[in-house]
>>> print(open('work.pdb').read())   # PDB, C-alpha atoms
ATOM      1  CA  MET W  22     121.581  93.374  87.738  1.00  0.00           C
ATOM      2  CA  ASN W  23     119.148  96.233  88.262  1.00  0.00           C
ATOM      3  CA  CYS W  24     120.546  97.002  91.691  1.00  0.00           C
ATOM      4  CA  ASP W  25     123.142  99.200  93.359  1.00  0.00           C
ATOM      5  CA  ILE W  26     125.039  98.067  96.435  1.00  0.00           C
ATOM      6  CA  VAL W  27     125.967 101.046  98.602  1.00  0.00           C
ATOM      7  CA  THR W  28     128.130 100.703 101.684  1.00  0.00           C
ATOM      8  CA  VAL W  29     127.734 103.432 104.322  1.00  0.00           C
ATOM      9  CA  SER W  30     129.888 104.479 107.270  1.00  0.00           C
ATOM     10  CA  THR W  31     130.491 107.745 109.137  1.00  0.00           C
ATOM     11  CA  ASP W  32     133.921 108.050 107.475  1.00  0.00           C
ATOM     12  CA  THR W  33     134.368 110.813 104.890  1.00  0.00           C
ATOM     13  CA  LYS W  34     134.649 110.055 101.155  1.00  0.00           C
ATOM     14  CA  PHE W  35     138.366 110.917 101.416  1.00  0.00           C
ATOM     15  CA  VAL W  36     138.897 108.151 103.964  1.00  0.00           C
ATOM     16  CA  HIS W  37     136.901 105.755 101.767  1.00  0.00           C
ATOM     17  CA  LEU W  38     139.243 106.582  98.892  1.00  0.00           C
ATOM     18  CA  ALA W  39     142.373 106.103 100.995  1.00  0.00           C
ATOM     19  CA  TRP W  40     141.124 102.821 102.460  1.00  0.00           C
ATOM     20  CA  GLN W  41     140.013 101.337  99.141  1.00  0.00           C
ATOM     21  CA  ARG W  42     143.311 102.246  97.451  1.00  0.00           C
ATOM     22  CA  SER W  43     145.527 100.948 100.266  1.00  0.00           C
ATOM     23  CA  GLU W  44     143.715  97.773 101.362  1.00  0.00           C
ATOM     24  CA  LYS W  45     144.464  94.930  98.924  1.00  0.00           C
ATOM     25  CA  GLU W  46     141.308  93.073 100.000  1.00  0.00           C
ATOM     26  CA  LEU W  47     139.335  95.965  98.459  1.00  0.00           C
ATOM     27  CA  ALA W  48     141.302  96.179  95.198  1.00  0.00           C
ATOM     28  CA  ASN W  49     138.407  94.798  93.108  1.00  0.00           C
ATOM     29  CA  VAL W  50     135.618  96.676  94.843  1.00  0.00           C
ATOM     30  CA  ARG W  51     133.067  98.173  92.428  1.00  0.00           C
ATOM     31  CA  TYR W  52     130.252  99.131  94.787  1.00  0.00           C
ATOM     32  CA  THR W  53     129.547 102.710  95.836  1.00  0.00           C
ATOM     33  CA  MET W  54     131.101 103.782  99.160  1.00  0.00           C
ATOM     34  CA  ALA W  55     128.872 106.425 100.772  1.00  0.00           C
ATOM     35  CA  SER W  56     129.750 108.816 103.545  1.00  0.00           C
ATOM     36  CA  ASP W  57     127.436 109.741 106.430  1.00  0.00           C
ATOM     37  CA  PRO W  58     129.701 111.856 108.688  1.00  0.00           C
ATOM     38  CA  THR W  59     126.812 113.497 110.570  1.00  0.00           C
ATOM     39  CA  GLY W  60     125.075 110.154 111.139  1.00  0.00           C
ATOM     40  CA  LYS W  61     121.839 111.600 109.755  1.00  0.00           C
ATOM     41  CA  VAL W  62     121.032 108.703 107.433  1.00  0.00           C
ATOM     42  CA  SER W  63     122.331 106.114 109.925  1.00  0.00           C
ATOM     43  CA  ARG W  64     119.931 107.576 112.517  1.00  0.00           C
ATOM     44  CA  MET W  65     117.050 107.446 110.040  1.00  0.00           C
ATOM     45  CA  PHE W  66     117.677 103.709 109.628  1.00  0.00           C
ATOM     46  CA  GLY W  67     118.066 103.220 113.387  1.00  0.00           C
ATOM     47  CA  VAL W  68     121.678 101.996 113.197  1.00  0.00           C
ATOM     48  CA  TYR W  69     123.543 104.996 114.650  1.00  0.00           C
ATOM     49  CA  GLU W  70     125.184 104.201 117.987  1.00  0.00           C
ATOM     50  CA  GLU W  71     125.441 107.599 119.721  1.00  0.00           C
ATOM     51  CA  THR W  72     128.041 106.605 122.315  1.00  0.00           C
ATOM     52  CA  ALA W  73     130.526 105.380 119.723  1.00  0.00           C
ATOM     53  CA  GLY W  74     129.435 107.767 116.941  1.00  0.00           C
ATOM     54  CA  LEU W  75     129.477 104.794 114.569  1.00  0.00           C
ATOM     55  CA  ALA W  76     126.960 102.858 112.510  1.00  0.00           C
ATOM     56  CA  LEU W  77     125.987  99.329 113.514  1.00  0.00           C
ATOM     57  CA  ARG W  78     126.121  96.554 110.891  1.00  0.00           C
ATOM     58  CA  GLY W  79     122.738  97.214 109.321  1.00  0.00           C
ATOM     59  CA  THR W  80     121.580  95.892 105.964  1.00  0.00           C
ATOM     60  CA  PHE W  81     118.506  97.216 104.159  1.00  0.00           C
ATOM     61  CA  ILE W  82     116.848  96.258 100.866  1.00  0.00           C
ATOM     62  CA  LEU W  83     114.860  98.988  99.068  1.00  0.00           C
ATOM     63  CA  ASN W  84     112.773  98.307  95.970  1.00  0.00           C
ATOM     64  CA  PRO W  85     112.736 100.649  92.927  1.00  0.00           C
ATOM     65  CA  GLU W  86     109.886 102.649  94.533  1.00  0.00           C
ATOM     66  CA  GLY W  87     112.083 103.269  97.579  1.00  0.00           C
ATOM     67  CA  LYS W  88     110.005 100.968  99.772  1.00  0.00           C
ATOM     68  CA  LEU W  89     111.858  99.199 102.606  1.00  0.00           C
ATOM     69  CA  LEU W  90     111.443  95.432 102.169  1.00  0.00           C
ATOM     70  CA  ASN W  91     114.099  93.992 104.448  1.00  0.00           C
ATOM     71  CA  ALA W  92     116.064  95.070 107.498  1.00  0.00           C
ATOM     72  CA  GLU W  93     118.738  93.260 109.476  1.00  0.00           C
ATOM     73  CA  VAL W  94     121.003  94.759 112.137  1.00  0.00           C
ATOM     74  CA  ASN W  95     124.009  93.103 113.777  1.00  0.00           C
ATOM     75  CA  TYR W  96     125.961  94.580 116.656  1.00  0.00           C
ATOM     76  CA  PHE W  97     129.572  95.753 115.991  1.00  0.00           C
ATOM     77  CA  ASN W  98     131.137  92.377 116.742  1.00  0.00           C
ATOM     78  CA  LEU W  99     129.173  90.111 114.393  1.00  0.00           C
ATOM     79  CA  GLY W 100     129.777  89.897 110.652  1.00  0.00           C
ATOM     80  CA  ARG W 101     127.028  89.336 108.111  1.00  0.00           C
ATOM     81  CA  ASN W 102     126.243  86.299 105.983  1.00  0.00           C
ATOM     82  CA  ILE W 103     126.403  87.584 102.407  1.00  0.00           C
ATOM     83  CA  GLU W 104     124.805  84.410 101.018  1.00  0.00           C
ATOM     84  CA  GLU W 105     121.729  85.060 103.161  1.00  0.00           C
ATOM     85  CA  LEU W 106     121.649  88.697 102.038  1.00  0.00           C
ATOM     86  CA  MET W 107     121.776  87.650  98.378  1.00  0.00           C
ATOM     87  CA  ARG W 108     119.079  85.014  99.029  1.00  0.00           C
ATOM     88  CA  LYS W 109     116.807  87.675 100.483  1.00  0.00           C
ATOM     89  CA  PHE W 110     117.575  90.083  97.646  1.00  0.00           C
ATOM     90  CA  LYS W 111     116.908  87.473  94.928  1.00  0.00           C
ATOM     91  CA  ALA W 112     113.684  86.442  96.693  1.00  0.00           C
ATOM     92  CA  ASN W 113     112.488  90.059  96.818  1.00  0.00           C
ATOM     93  CA  MET W 114     113.245  90.566  93.125  1.00  0.00           C
ATOM     94  CA  TYR W 115     111.458  87.304  92.286  1.00  0.00           C
ATOM     95  CA  MET W 116     108.365  88.199  94.332  1.00  0.00           C
ATOM     96  CA  ALA W 117     108.256  91.648  92.734  1.00  0.00           C
ATOM     97  CA  ARG W 118     107.748  89.858  89.401  1.00  0.00           C
ATOM     98  CA  LYS W 119     105.395  87.195  90.839  1.00  0.00           C
ATOM     99  CA  PRO W 120     103.325  89.021  93.451  1.00  0.00           C
ATOM    100  CA  THR W 121     100.995  86.055  94.139  1.00  0.00           C
ATOM    101  CA  GLU W 122     103.893  83.840  95.294  1.00  0.00           C
ATOM    102  CA  VAL W 123     105.829  83.802  98.573  1.00  0.00           C
ATOM    103  CA  CYS W 124     109.315  82.371  99.156  1.00  0.00           C
ATOM    104  CA  PRO W 125     109.660  79.877 102.038  1.00  0.00           C
ATOM    105  CA  SER W 126     112.776  79.698 104.257  1.00  0.00           C
ATOM    106  CA  LYS W 127     114.502  77.088 102.071  1.00  0.00           C
ATOM    107  CA  TRP W 128     114.029  79.103  98.845  1.00  0.00           C
ATOM    108  CA  LYS W 129     117.451  79.890  97.385  1.00  0.00           C
ATOM    109  CA  ASP W 130     117.056  80.770  93.726  1.00  0.00           C
ATOM    110  CA  GLU W 131     114.755  80.907  90.730  1.00  0.00           C
ATOM    111  CA  GLY W 132     113.216  77.465  90.150  1.00  0.00           C
ATOM    112  CA  ASP W 133     112.994  76.531  93.853  1.00  0.00           C
ATOM    113  CA  ALA W 134     109.547  75.800  95.271  1.00  0.00           C
ATOM    114  CA  THR W 135     107.419  78.790  96.236  1.00  0.00           C
ATOM    115  CA  LEU W 136     104.015  78.925  97.892  1.00  0.00           C
ATOM    116  CA  ILE W 137     100.822  80.609  96.733  1.00  0.00           C
ATOM    117  CA  PRO W 138      98.896  81.500  99.891  1.00  0.00           C
ATOM    118  CA  SER W 139      95.192  80.714  99.674  1.00  0.00           C
ATOM    119  CA  ALA W 140      92.366  79.382 101.811  1.00  0.00           C
ATOM    120  CA  ASP W 141      93.224  75.876 100.540  1.00  0.00           C
ATOM    121  CA  MET W 142      96.685  76.055 102.044  1.00  0.00           C
ATOM    122  CA  VAL W 143      95.545  76.743 105.605  1.00  0.00           C
ATOM    123  CA  GLY W 144      96.654  73.750 107.654  1.00  0.00           C
ATOM    124  CA  ARG W 145      98.264  72.201 104.565  1.00  0.00           C
ATOM    125  CA  VAL W 146     101.615  74.022 104.314  1.00  0.00           C
ATOM    126  CA  HIS W 147     103.469  70.708 104.691  1.00  0.00           C
ATOM    127  CA  GLU W 148     101.715  69.259 101.636  1.00  0.00           C
ATOM    128  CA  ALA W 149     102.224  72.510  99.683  1.00  0.00           C
ATOM    129  CA  LEU W 150     105.960  72.521 100.403  1.00  0.00           C
ATOM    130  CA  LYS W 151     106.256  68.879  99.324  1.00  0.00           C
ATOM    131  CA  GLY W 152     104.421  69.685  96.082  1.00  0.00           C
ATOM    132  CA  ALA W 153     101.559  67.294  97.009  1.00  0.00           C
TER     133      ALA W 153
ATOM    134  CA  MET Y  19     122.741 106.457 126.117  1.00  0.00           C
ATOM    135  CA  SER Y  20     122.488 104.793 122.784  1.00  0.00           C
ATOM    136  CA  GLU Y  21     119.844 106.133 120.435  1.00  0.00           C
ATOM    137  CA  THR Y  22     118.979 103.733 117.666  1.00  0.00           C
ATOM    138  CA  THR Y  23     115.248 104.320 117.377  1.00  0.00           C
ATOM    139  CA  SER Y  24     114.104 104.513 113.785  1.00  0.00           C
ATOM    140  CA  SER Y  25     110.803 105.723 112.429  1.00  0.00           C
ATOM    141  CA  LEU Y  26     111.177 103.541 109.329  1.00  0.00           C
ATOM    142  CA  ARG Y  27     108.846 100.594 108.960  1.00  0.00           C
ATOM    143  CA  LEU Y  28     109.021  97.589 106.667  1.00  0.00           C
ATOM    144  CA  GLY Y  29     106.710  97.987 103.693  1.00  0.00           C
ATOM    145  CA  GLN Y  30     106.776 101.772 103.875  1.00  0.00           C
ATOM    146  CA  ALA Y  31     108.594 104.230 101.601  1.00  0.00           C
ATOM    147  CA  VAL Y  32     111.938 105.516 102.870  1.00  0.00           C
ATOM    148  CA  PRO Y  33     112.128 109.344 102.777  1.00  0.00           C
ATOM    149  CA  ASP Y  34     114.484 110.624 100.050  1.00  0.00           C
ATOM    150  CA  PHE Y  35     118.067 111.207 101.158  1.00  0.00           C
ATOM    151  CA  GLU Y  36     121.456 111.949  99.608  1.00  0.00           C
ATOM    152  CA  LEU Y  37     125.003 110.955 100.573  1.00  0.00           C
ATOM    153  CA  GLU Y  38     128.407 111.912  99.188  1.00  0.00           C
ATOM    154  CA  THR Y  39     130.260 108.923  97.763  1.00  0.00           C
ATOM    155  CA  TYR Y  40     133.553 107.546  96.531  1.00  0.00           C
ATOM    156  CA  GLU Y  41     133.162 105.367  93.432  1.00  0.00           C
ATOM    157  CA  PRO Y  42     135.970 102.794  93.255  1.00  0.00           C
ATOM    158  CA  ALA Y  43     134.878 101.759  89.734  1.00  0.00           C
ATOM    159  CA  THR Y  44     135.668 105.184  88.283  1.00  0.00           C
ATOM    160  CA  ARG Y  45     137.957 106.481  91.075  1.00  0.00           C
ATOM    161  CA  GLU Y  46     135.757 109.581  91.319  1.00  0.00           C
ATOM    162  CA  PHE Y  47     133.735 111.236  94.047  1.00  0.00           C
ATOM    163  CA  GLY Y  48     129.992 111.243  93.494  1.00  0.00           C
ATOM    164  CA  LYS Y  49     126.595 111.365  95.093  1.00  0.00           C
ATOM    165  CA  PHE Y  50     124.008 108.734  96.014  1.00  0.00           C
ATOM    166  CA  SER Y  51     120.399 109.894  95.818  1.00  0.00           C
ATOM    167  CA  LEU Y  52     117.386 107.755  96.645  1.00  0.00           C
ATOM    168  CA  ALA Y  53     115.228 110.015  94.455  1.00  0.00           C
ATOM    169  CA  GLU Y  54     117.596 109.281  91.550  1.00  0.00           C
ATOM    170  CA  GLN Y  55     117.349 105.529  92.213  1.00  0.00           C
ATOM    171  CA  LYS Y  56     113.558 105.780  92.037  1.00  0.00           C
ATOM    172  CA  ARG Y  57     113.769 107.801  88.798  1.00  0.00           C
ATOM    173  CA  LYS Y  58     116.002 105.120  87.282  1.00  0.00           C
ATOM    174  CA  GLY Y  59     113.867 102.291  88.693  1.00  0.00           C
ATOM    175  CA  ARG Y  60     116.793 100.638  90.473  1.00  0.00           C
ATOM    176  CA  TRP Y  61     116.909  98.483  93.618  1.00  0.00           C
ATOM    177  CA  THR Y  62     119.226  99.543  96.454  1.00  0.00           C
ATOM    178  CA  ILE Y  63     121.039  97.471  99.067  1.00  0.00           C
ATOM    179  CA  LEU Y  64     122.349  99.684 101.887  1.00  0.00           C
ATOM    180  CA  PHE Y  65     125.182  98.120 103.847  1.00  0.00           C
ATOM    181  CA  PHE Y  66     126.091 100.071 107.020  1.00  0.00           C
ATOM    182  CA  TYR Y  67     129.342  99.290 108.877  1.00  0.00           C
ATOM    183  CA  PRO Y  68     131.216 100.973 111.743  1.00  0.00           C
ATOM    184  CA  ALA Y  69     134.464 102.215 110.218  1.00  0.00           C
ATOM    185  CA  ASP Y  70     136.991 102.047 107.380  1.00  0.00           C
ATOM    186  CA  PHE Y  71     140.321 100.350 108.127  1.00  0.00           C
ATOM    187  CA  THR Y  72     138.619  97.689 110.260  1.00  0.00           C
ATOM    188  CA  PHE Y  73     137.254  94.283 109.266  1.00  0.00           C
ATOM    189  CA  VAL Y  74     133.937  94.434 107.396  1.00  0.00           C
TER     190      VAL Y  74
END
>>> encode(input="work.pdb", output="structure tokens")
Amino acid sequence: MNCDIVTVSTDTKFVHLAWQRSEKELANVRYTMASDPTGKVSRMFGVYEETAGLALRGTFILNPEGKLLNAEVNYFNLGRNIEELMRKFKANMYMARKPTEVCPSKWKDEGDATLIPSADMVGRVHEALKGA
Amino acid sequence: MSETTSSLRLGQAVPDFELETYEPATREFGKFSLAEQKRKGRWTILFFYPADFTFV
């Protein structure tokens, strides 16, 4: 896939290395582990918690032009739903190819119903979703 | 006081930035660069988390 997943914390790259090599859960990890020890990039994305000096659980999707298309931030104590992240990522890739279409909440993958916003659809979203 | 204000907005370009990395696939240190991603025409998913050696 034409995408790179990059995890970011304020740990150094040396700690990333030690953690990935010692934690069996991470044995098959292939994504890039980035280090933001000064919190500069975490601050730019609004996820740096100054009191703790740590990054909140923020997830951001950037298109190939570097444009920010999606942002979600959870507090420290709530994990993320990876299925929902992948749904949002696939939807963004799909819409990049088909700019006239939009993906409704139940859209999961290529082939699912999309909507094409137009004057005709105003007040008729129900019919559009049902394919009427 | 917690400071989490961001100037980034959805639909706008993120300013270029670079981060040092560890690449588990090659077991090497490296660098992530948004400018490089744009040159290569690649999507990026950034996944922030509090700390190594905790649950993700």
>>> closest_atom_pairs(input="work.pdb", of="chain Y", to="chain W", cutoff="6 Å", atoms="only C-alpha atoms", output="JSON lines")
{"residue": "Y:Ser20", "atom": "CA", "partner": "W:Glu71", "partner_atom": "CA", "distance": 5.1}
{"residue": "Y:Glu21", "atom": "CA", "partner": "W:Glu71", "partner_atom": "CA", "distance": 5.8}
{"residue": "Y:Thr22", "atom": "CA", "partner": "W:Gly67", "partner_atom": "CA", "distance": 4.4}
{"residue": "Y:Thr23", "atom": "CA", "partner": "W:Gly67", "partner_atom": "CA", "distance": 5.0}
{"residue": "Y:Ser24", "atom": "CA", "partner": "W:Gly67", "partner_atom": "CA", "distance": 4.2}
{"residue": "Y:Leu28", "atom": "CA", "partner": "W:Leu89", "partner_atom": "CA", "distance": 5.2}
{"residue": "Y:Gly29", "atom": "CA", "partner": "W:Leu89", "partner_atom": "CA", "distance": 5.4}
{"residue": "Y:Gln30", "atom": "CA", "partner": "W:Lys88", "partner_atom": "CA", "distance": 5.3}
{"residue": "Y:Ala31", "atom": "CA", "partner": "W:Lys88", "partner_atom": "CA", "distance": 4.0}
{"residue": "Y:Val32", "atom": "CA", "partner": "W:Gly87", "partner_atom": "CA", "distance": 5.8}
{"residue": "Y:Leu37", "atom": "CA", "partner": "W:Ala55", "partner_atom": "CA", "distance": 6.0}
{"residue": "Y:Glu38", "atom": "CA", "partner": "W:Ser56", "partner_atom": "CA", "distance": 5.5}
{"residue": "Y:Thr39", "atom": "CA", "partner": "W:Ala55", "partner_atom": "CA", "distance": 4.1}
{"residue": "Y:Tyr40", "atom": "CA", "partner": "W:Met54", "partner_atom": "CA", "distance": 5.2}
{"residue": "Y:Glu41", "atom": "CA", "partner": "W:Thr53", "partner_atom": "CA", "distance": 5.1}
{"residue": "Y:Pro42", "atom": "CA", "partner": "W:Arg51", "partner_atom": "CA", "distance": 5.5}
{"residue": "Y:Ala43", "atom": "CA", "partner": "W:Arg51", "partner_atom": "CA", "distance": 4.8}
{"residue": "Y:Lys56", "atom": "CA", "partner": "W:Pro85", "partner_atom": "CA", "distance": 5.3}
{"residue": "Y:Gly59", "atom": "CA", "partner": "W:Pro85", "partner_atom": "CA", "distance": 4.7}
{"residue": "Y:Arg60", "atom": "CA", "partner": "W:Pro85", "partner_atom": "CA", "distance": 4.7}
{"residue": "Y:Trp61", "atom": "CA", "partner": "W:Cys24", "partner_atom": "CA", "distance": 4.4}
{"residue": "Y:Thr62", "atom": "CA", "partner": "W:Asp25", "partner_atom": "CA", "distance": 5.0}
{"residue": "Y:Ile63", "atom": "CA", "partner": "W:Ile82", "partner_atom": "CA", "distance": 4.7}
{"residue": "Y:Leu64", "atom": "CA", "partner": "W:Val27", "partner_atom": "CA", "distance": 5.1}
{"residue": "Y:Phe65", "atom": "CA", "partner": "W:Thr28", "partner_atom": "CA", "distance": 4.5}
{"residue": "Y:Phe66", "atom": "CA", "partner": "W:Val29", "partner_atom": "CA", "distance": 4.6}
{"residue": "Y:Tyr67", "atom": "CA", "partner": "W:Arg78", "partner_atom": "CA", "distance": 4.7}
{"residue": "Y:Pro68", "atom": "CA", "partner": "W:Ala76", "partner_atom": "CA", "distance": 4.7}
{"residue": "Y:Ala69", "atom": "CA", "partner": "W:Ser30", "partner_atom": "CA", "distance": 5.9}
>>> atom_distance(input="work.pdb", atom1="CA of Lys127 in chain W", atom2="CA of Asn113 in chain W")
14.1 Å
>>> resolve_selection(input="work.pdb", expression="the PyMOL selection byres ((chain W and resi 139-153) around 12)", output="list in words")
Thr121, Glu122, Val123, Cys124, Pro125, Ser126, Lys127, Trp128, Asp133, Ala134, Thr135, Leu136, Ile137 and Pro138 of chain W
>>> atom_distance(input="work.pdb", atom1="CA of Glu131 in chain W", atom2="CA of Ala112 in chain W")
8.2 Å
>>> axis_aligned_box(input="work.pdb", around="range 48-53 of chain Y", padding_each_side="3 Å", output="AutoDock Vina command-line options")
--center_x 122.6 --center_y 109.6 --center_z 95.1 --size_x 20.8 --size_y 9.6 --size_z 9.2
>>> atom_distance(input="work.pdb", atom1="CA of Phe50 in chain Y", atom2="CA of Glu36 in chain Y")
5.5 Å
>>> decode(input="work.pdb", residues="range 71-96 of chain W", atoms="C-alpha atoms", output="tab-separated table (two decimals), in the first residue's frame")
chain	number	residue	atom	x	y	z
W	71	GLU	CA	2.93	19.48	29.19
W	72	THR	CA	2.36	18.28	32.75
W	73	ALA	CA	3.27	14.68	31.95
W	74	GLY	CA	5.72	15.49	29.13
W	75	LEU	CA	4.04	12.77	27.08
W	76	ALA	CA	2.02	12.57	23.89
W	77	LEU	CA	-1.70	11.79	24.03
W	78	ARG	CA	-3.09	9.00	21.82
W	79	GLY	CA	-3.47	11.04	18.65
W	80	THR	CA	-3.96	9.62	15.18
W	81	PHE	CA	-3.58	11.69	12.01
W	82	ILE	CA	-4.00	10.85	8.32
W	83	LEU	CA	-1.97	12.93	5.83
W	84	ASN	CA	-2.41	12.63	2.07
W	85	PRO	CA	0.55	12.56	-0.37
W	86	GLU	CA	0.46	16.38	-0.56
W	87	GLY	CA	0.91	16.55	3.21
W	88	LYS	CA	-2.64	17.76	3.77
W	89	LEU	CA	-4.27	16.77	7.08
W	90	LEU	CA	-7.46	14.81	6.34
W	91	ASN	CA	-8.28	13.19	9.65
W	92	ALA	CA	-7.54	13.76	13.32
W	93	GLU	CA	-8.57	11.79	16.38
W	94	VAL	CA	-7.22	12.20	19.91
W	95	ASN	CA	-7.86	9.92	22.89
W	96	TYR	CA	-6.74	10.65	26.42
